[in-house]
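**Student:** Mind looking over this structure? Questions follow.
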Amino acid sequence: MEQTIDIINNWNLRKMLAELETGNMLIPRFQREYSWEPAKVVSLLNSVYCQYPIGSIFLWIAPKEFKNFIRETEKLNIPENPDHSHCVFILDGQQRVISLFVTLRGKIFNKIDYSRICFNLDKKTFVYPRKSDLKNHIPAWKIFDTGAYQEIYGDLVLADREHKTKMAQAWAHCHEVFMNYPLSIVKTFHRNLDDVVEVFERINQGGKRLTAYDLIQASTWSEKFDLNEKIGDFNQLPYVKKMGGLKIGRASCRERV
């Protein structure tokens with residue numbers, strides 16, 4: 001019997017970010033749009049810092065001909081990788097993956113500046129401060145920036161000597177946790193598009209409820225038809241635009257993480 005699923009346990013957060021940033025991991029069109037607000041991202045970061053489990057990331061290993069059926073990459077500046085013999089798509093975990101990516105790479109996404117999310121050295125927690133010049137708040141993106149991390153660590157060592165504090169220790173601990181935070185990756189392969197869409201539906205129905213629109217959009221998606229695109233084109237018609245367009249309306253849907 002041909003195996004169609006595999007569980008990988010040797011990934012960490014650093015590897016996941018690298019895979020996404022180099023175009024080795026992509027988002028398929030039938031995925032929902034990214035929707036997390038900073039407060040929810042902060043909660044996720046604090047879960048990582050406390051070394052709580054944040055769930056598995058489910059990936060689909062797809063044939064190379066699907067390389068153009070990707071979503072969000074232009075907004076995230078994720079490159080396409082045409083040299084691969086296959087594509088790796090995120091089936092489940094998109095919200096978590098993008099949240100970590102935009103924050104730890106200090107990006108502005110959907111008009112929200114995620115580079116403002118900081119680690120508070122005093123409280124040892126992540127926050128989204130309203131002011132950008134608060135004392136002992138370090139932008140989260142500096143955790144994975146080697147130069148920025150080392151510069152801050154050196155300054156904190158000097159400050160600790162002068163004020164008899166332990167801020168350098170707190171910063172180093174945060175860095176170590178995030179650099180080595182393990183992730184469970186589930187891969188599915190040797191599946192056609194219809195099977196993958198069914199997997200996508202089952203995962204989300206088994207977790208938090210999707211809207212009827214989400215299910216319709218996923219089940220009708222094909223290489224030649226994307227319901228989101230069709231509605232978007234329809235809403236650009238002058239007389240439709242004048243009336244406000246069709247509202248897809250996912251606000252009532254409890255997003256799965």
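The way I read the labels, and the way they are meant: chains A, B, ... in the order of the structure tokens, residue 1 as the first residue of every chain, and ligand 1 as the first ligand shown, with later ones counted on from there.
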Let's see if you can do this: from backbone DSSP, list all strand (DSSP E or B) residues in region 164-209 of chain A, as a ChimeraX atom specification.

**Tutor:** /A:182-188

**Student:** Figure out the distance between CA of Asp113 (chain A) and CA of Gln169 (chain A), please, to one decimal in Å.

**Tutor:**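 The value is 27.6 Å.
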
**Student:** Determine the nearest neighbour of Tyr114 (chain A) from the options A:His173, A:Lys40, A:His163, A:Lys187, counting only C-alpha atoms.

**Tutor:**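 Ranked by minimum distance to Tyr114 (chain A), first place goes to A:Lys40.
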
**Student:** Name the residues of region 28-204 of chain A that come out as alpha helix (DSSP H) in a backbone DSSP run; write them as a PDB file with C-alpha atoms, in the first residue's frame.

**Tutor:**
```pdb
ATOM      1  CA  PRO A  38      -1.864  41.880  16.494  1.00  0.00           C
ATOM      2  CA  ALA A  39      -3.467  40.826  19.803  1.00  0.00           C
ATOM      3  CA  LYS A  40      -3.893  37.266  18.540  1.00  0.00           C
ATOM      4  CA  VAL A  41      -0.355  37.225  17.165  1.00  0.00           C
ATOM      5  CA  VAL A  42       0.959  38.390  20.548  1.00  0.00           C
ATOM      6  CA  SER A  43      -0.870  35.489  22.194  1.00  0.00           C
ATOM      7  CA  LEU A  44       0.781  33.054  19.781  1.00  0.00           C
ATOM      8  CA  LEU A  45       4.242  34.499  20.480  1.00  0.00           C
ATOM      9  CA  ASN A  46       3.685  34.180  24.211  1.00  0.00           C
ATOM     10  CA  SER A  47       2.673  30.546  23.716  1.00  0.00           C
ATOM     11  CA  VAL A  48       5.972  29.941  21.919  1.00  0.00           C
ATOM     12  CA  TYR A  49       7.907  31.781  24.635  1.00  0.00           C
ATOM     13  CA  THR A  73       3.098  35.637  -1.934  1.00  0.00           C
ATOM     14  CA  GLU A  74       3.231  39.101  -3.502  1.00  0.00           C
ATOM     15  CA  LYS A  75       2.093  40.774  -0.281  1.00  0.00           C
ATOM     16  CA  LEU A  76       4.596  38.781   1.750  1.00  0.00           C
ATOM     17  CA  GLN A  94      -1.566  29.192   7.573  1.00  0.00           C
ATOM     18  CA  GLN A  95      -2.655  31.742  10.184  1.00  0.00           C
ATOM     19  CA  ARG A  96       0.065  30.645  12.604  1.00  0.00           C
ATOM     20  CA  VAL A  97       2.779  30.470   9.935  1.00  0.00           C
ATOM     21  CA  ILE A  98       2.056  33.908   8.484  1.00  0.00           C
ATOM     22  CA  SER A  99       1.707  35.435  11.959  1.00  0.00           C
ATOM     23  CA  LEU A 100       5.156  34.219  12.954  1.00  0.00           C
ATOM     24  CA  PHE A 101       6.640  35.196   9.610  1.00  0.00           C
ATOM     25  CA  VAL A 102       5.369  38.796   9.465  1.00  0.00           C
ATOM     26  CA  THR A 103       6.312  39.410  13.106  1.00  0.00           C
ATOM     27  CA  LEU A 104       9.720  37.785  13.235  1.00  0.00           C
ATOM     28  CA  THR A 146      21.928  38.138  14.323  1.00  0.00           C
ATOM     29  CA  GLY A 147      23.488  41.607  14.274  1.00  0.00           C
ATOM     30  CA  ALA A 148      20.590  43.289  16.059  1.00  0.00           C
ATOM     31  CA  TYR A 149      20.394  40.526  18.668  1.00  0.00           C
ATOM     32  CA  GLN A 150      24.095  40.698  19.515  1.00  0.00           C
ATOM     33  CA  GLU A 151      24.127  44.492  19.670  1.00  0.00           C
ATOM     34  CA  ILE A 152      21.189  44.541  22.074  1.00  0.00           C
ATOM     35  CA  TYR A 153      22.679  41.757  24.175  1.00  0.00           C
ATOM     36  CA  GLY A 154      25.963  43.673  24.535  1.00  0.00           C
ATOM     37  CA  ASP A 155      24.139  46.850  25.582  1.00  0.00           C
ATOM     38  CA  LEU A 156      22.062  44.912  28.110  1.00  0.00           C
ATOM     39  CA  VAL A 157      25.140  43.292  29.641  1.00  0.00           C
ATOM     40  CA  LEU A 158      26.573  46.760  30.321  1.00  0.00           C
ATOM     41  CA  ALA A 159      23.235  47.992  31.682  1.00  0.00           C
ATOM     42  CA  ASP A 160      22.963  44.959  33.971  1.00  0.00           C
ATOM     43  CA  ARG A 161      26.394  45.684  35.455  1.00  0.00           C
ATOM     44  CA  GLU A 162      25.433  49.258  36.149  1.00  0.00           C
ATOM     45  CA  HIS A 163      21.920  48.669  37.504  1.00  0.00           C
ATOM     46  CA  MET A 167      17.806  41.926  31.327  1.00  0.00           C
ATOM     47  CA  ALA A 168      20.566  40.356  29.199  1.00  0.00           C
ATOM     48  CA  GLN A 169      19.667  36.974  30.656  1.00  0.00           C
ATOM     49  CA  ALA A 170      15.990  37.502  29.805  1.00  0.00           C
ATOM     50  CA  TRP A 171      16.854  38.524  26.241  1.00  0.00           C
ATOM     51  CA  ALA A 172      19.201  35.551  25.763  1.00  0.00           C
ATOM     52  CA  HIS A 173      16.570  33.136  27.071  1.00  0.00           C
ATOM     53  CA  CYS A 174      13.958  34.540  24.676  1.00  0.00           C
ATOM     54  CA  HIS A 175      16.397  34.164  21.782  1.00  0.00           C
ATOM     55  CA  GLU A 176      17.236  30.568  22.703  1.00  0.00           C
ATOM     56  CA  VAL A 177      13.581  29.533  22.997  1.00  0.00           C
ATOM     57  CA  PHE A 178      12.623  30.945  19.612  1.00  0.00           C
ATOM     58  CA  MET A 179      15.703  29.690  17.803  1.00  0.00           C
ATOM     59  CA  ASN A 180      15.109  26.132  18.977  1.00  0.00           C
ATOM     60  CA  LEU A 193      -6.490  18.161  -5.930  1.00  0.00           C
ATOM     61  CA  ASP A 194      -9.939  16.769  -5.064  1.00  0.00           C
ATOM     62  CA  ASP A 195      -8.453  14.647  -2.268  1.00  0.00           C
ATOM     63  CA  VAL A 196      -6.503  17.604  -0.923  1.00  0.00           C
ATOM     64  CA  VAL A 197      -9.573  19.872  -0.866  1.00  0.00           C
ATOM     65  CA  GLU A 198     -11.424  17.165   1.067  1.00  0.00           C
ATOM     66  CA  VAL A 199      -8.533  16.945   3.536  1.00  0.00           C
ATOM     67  CA  PHE A 200      -8.637  20.741   3.889  1.00  0.00           C
ATOM     68  CA  GLU A 201     -12.394  20.661   4.616  1.00  0.00           C
ATOM     69  CA  ARG A 202     -12.126  17.825   7.119  1.00  0.00           C
ATOM     70  CA  ILE A 203      -9.304  19.498   9.016  1.00  0.00           C
ATOM     71  CA  ASN A 204     -11.247  22.710   9.381  1.00  0.00           C
TER      72      ASN A 204
END
```

**Student:** Tell me which protein, DNA and RNA residues are within 12 Å of Asp122 (chain A), counting only C-alpha atoms, leaving out same-chain ones fewer than 3 positions away, and put them as a ChimeraX atom specification.

**Tutor:** /A:118-119,125-127,134-138,165-171

**Student:** Using only C-alpha atoms, which residues sit within 8 Å of Asn235 (chain A) once same-chain residues fewer than 6 positions away are excluded, as a list in words?

**Tutor:**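 Listing them by chain and then by number gives Lys241, Gly244, Gly245 and Leu246 of chain A.
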
**Student:** Restrict the selected residues to all heavy atoms and save them as a compact mmCIF listing (two decimals), in the first residue's frame.

**Tutor:**
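New file out_2.txt:
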```
# COMPACT_ATOMS: atom_id res chain seq x y z
N LYS A 241 -19.99 48.38 -7.92
CA LYS A 241 -19.17 49.17 -7.00
C LYS A 241 -20.00 50.26 -6.33
O LYS A 241 -19.86 50.53 -5.14
CB LYS A 241 -18.03 49.80 -7.79
CG LYS A 241 -16.67 49.73 -7.12
CD LYS A 241 -15.60 50.23 -8.07
CE LYS A 241 -14.24 50.13 -7.39
NZ LYS A 241 -13.19 50.64 -8.27
N GLY A 244 -21.87 49.07 -3.44
CA GLY A 244 -21.08 48.55 -2.33
C GLY A 244 -20.52 47.16 -2.54
O GLY A 244 -19.72 46.67 -1.73
N GLY A 245 -20.92 46.48 -3.63
CA GLY A 245 -20.38 45.16 -3.94
C GLY A 245 -20.92 44.05 -3.05
O GLY A 245 -21.65 44.29 -2.09
N LEU A 246 -20.56 42.84 -3.41
CA LEU A 246 -20.94 41.68 -2.61
C LEU A 246 -20.01 41.55 -1.42
O LEU A 246 -18.79 41.66 -1.55
CB LEU A 246 -20.87 40.40 -3.45
CG LEU A 246 -21.94 40.22 -4.53
CD1 LEU A 246 -21.68 38.93 -5.30
CD2 LEU A 246 -23.34 40.18 -3.91
```

**Student:** Kindly indicate which residue among A:Ile90, A:Ile216, A:Ile231, A:Leu183 lies nearest to Gly55 (chain A), using only C-alpha atoms for the distances.

**Tutor:**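 Among the listed residues, the smallest separation from Gly55 (chain A) belongs to A:Leu183.
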
**Student:** Could you check which of A:Trp11, A:Trp60, A:Trp221, A:Phe189 is closest to Ile27 (chain A), using only C-alpha atoms?

**Tutor:**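 That would be A:Trp60, the residue with the smallest distance to Ile27 (chain A).
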
**Student:** For CA of Glu21 (chain A) and CA of Phe89 (chain A), determine how far apart the two atoms are, in Å to one decimal place.

**Tutor:**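 Spanning CA of Glu21 (chain A) to CA of Phe89 (chain A) is a straight-line distance of 13.4 Å.
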
**Student:** Record the distance separating CA of Arg14 (chain A) and CA of Ala140 (chain A), expressed in Å with one decimal.

**Tutor:**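 According to the coordinates, CA of Arg14 (chain A) and CA of Ala140 (chain A) are separated by 13.7 Å.
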
**Student:** Using only C-alpha atoms, which protein or nucleic acid residues come within 9 Å of Thr188 (chain A)? Drop anything in the same chain fewer than 3 positions from it, and give the result as an MDAnalysis selection string.

**Tutor:** chainID A and resid 3:7 58:62 191 196

**Student:** At a cut-off of 9 Å, using only C-alpha atoms, what residues contact Ser56 (chain A)? Leave out same-chain residues fewer than 6 positions from it and give the result as a list in words.

**Tutor:** Asp92, Gly93, Leu183, Ser184, Ile185 and Val186 of chain A
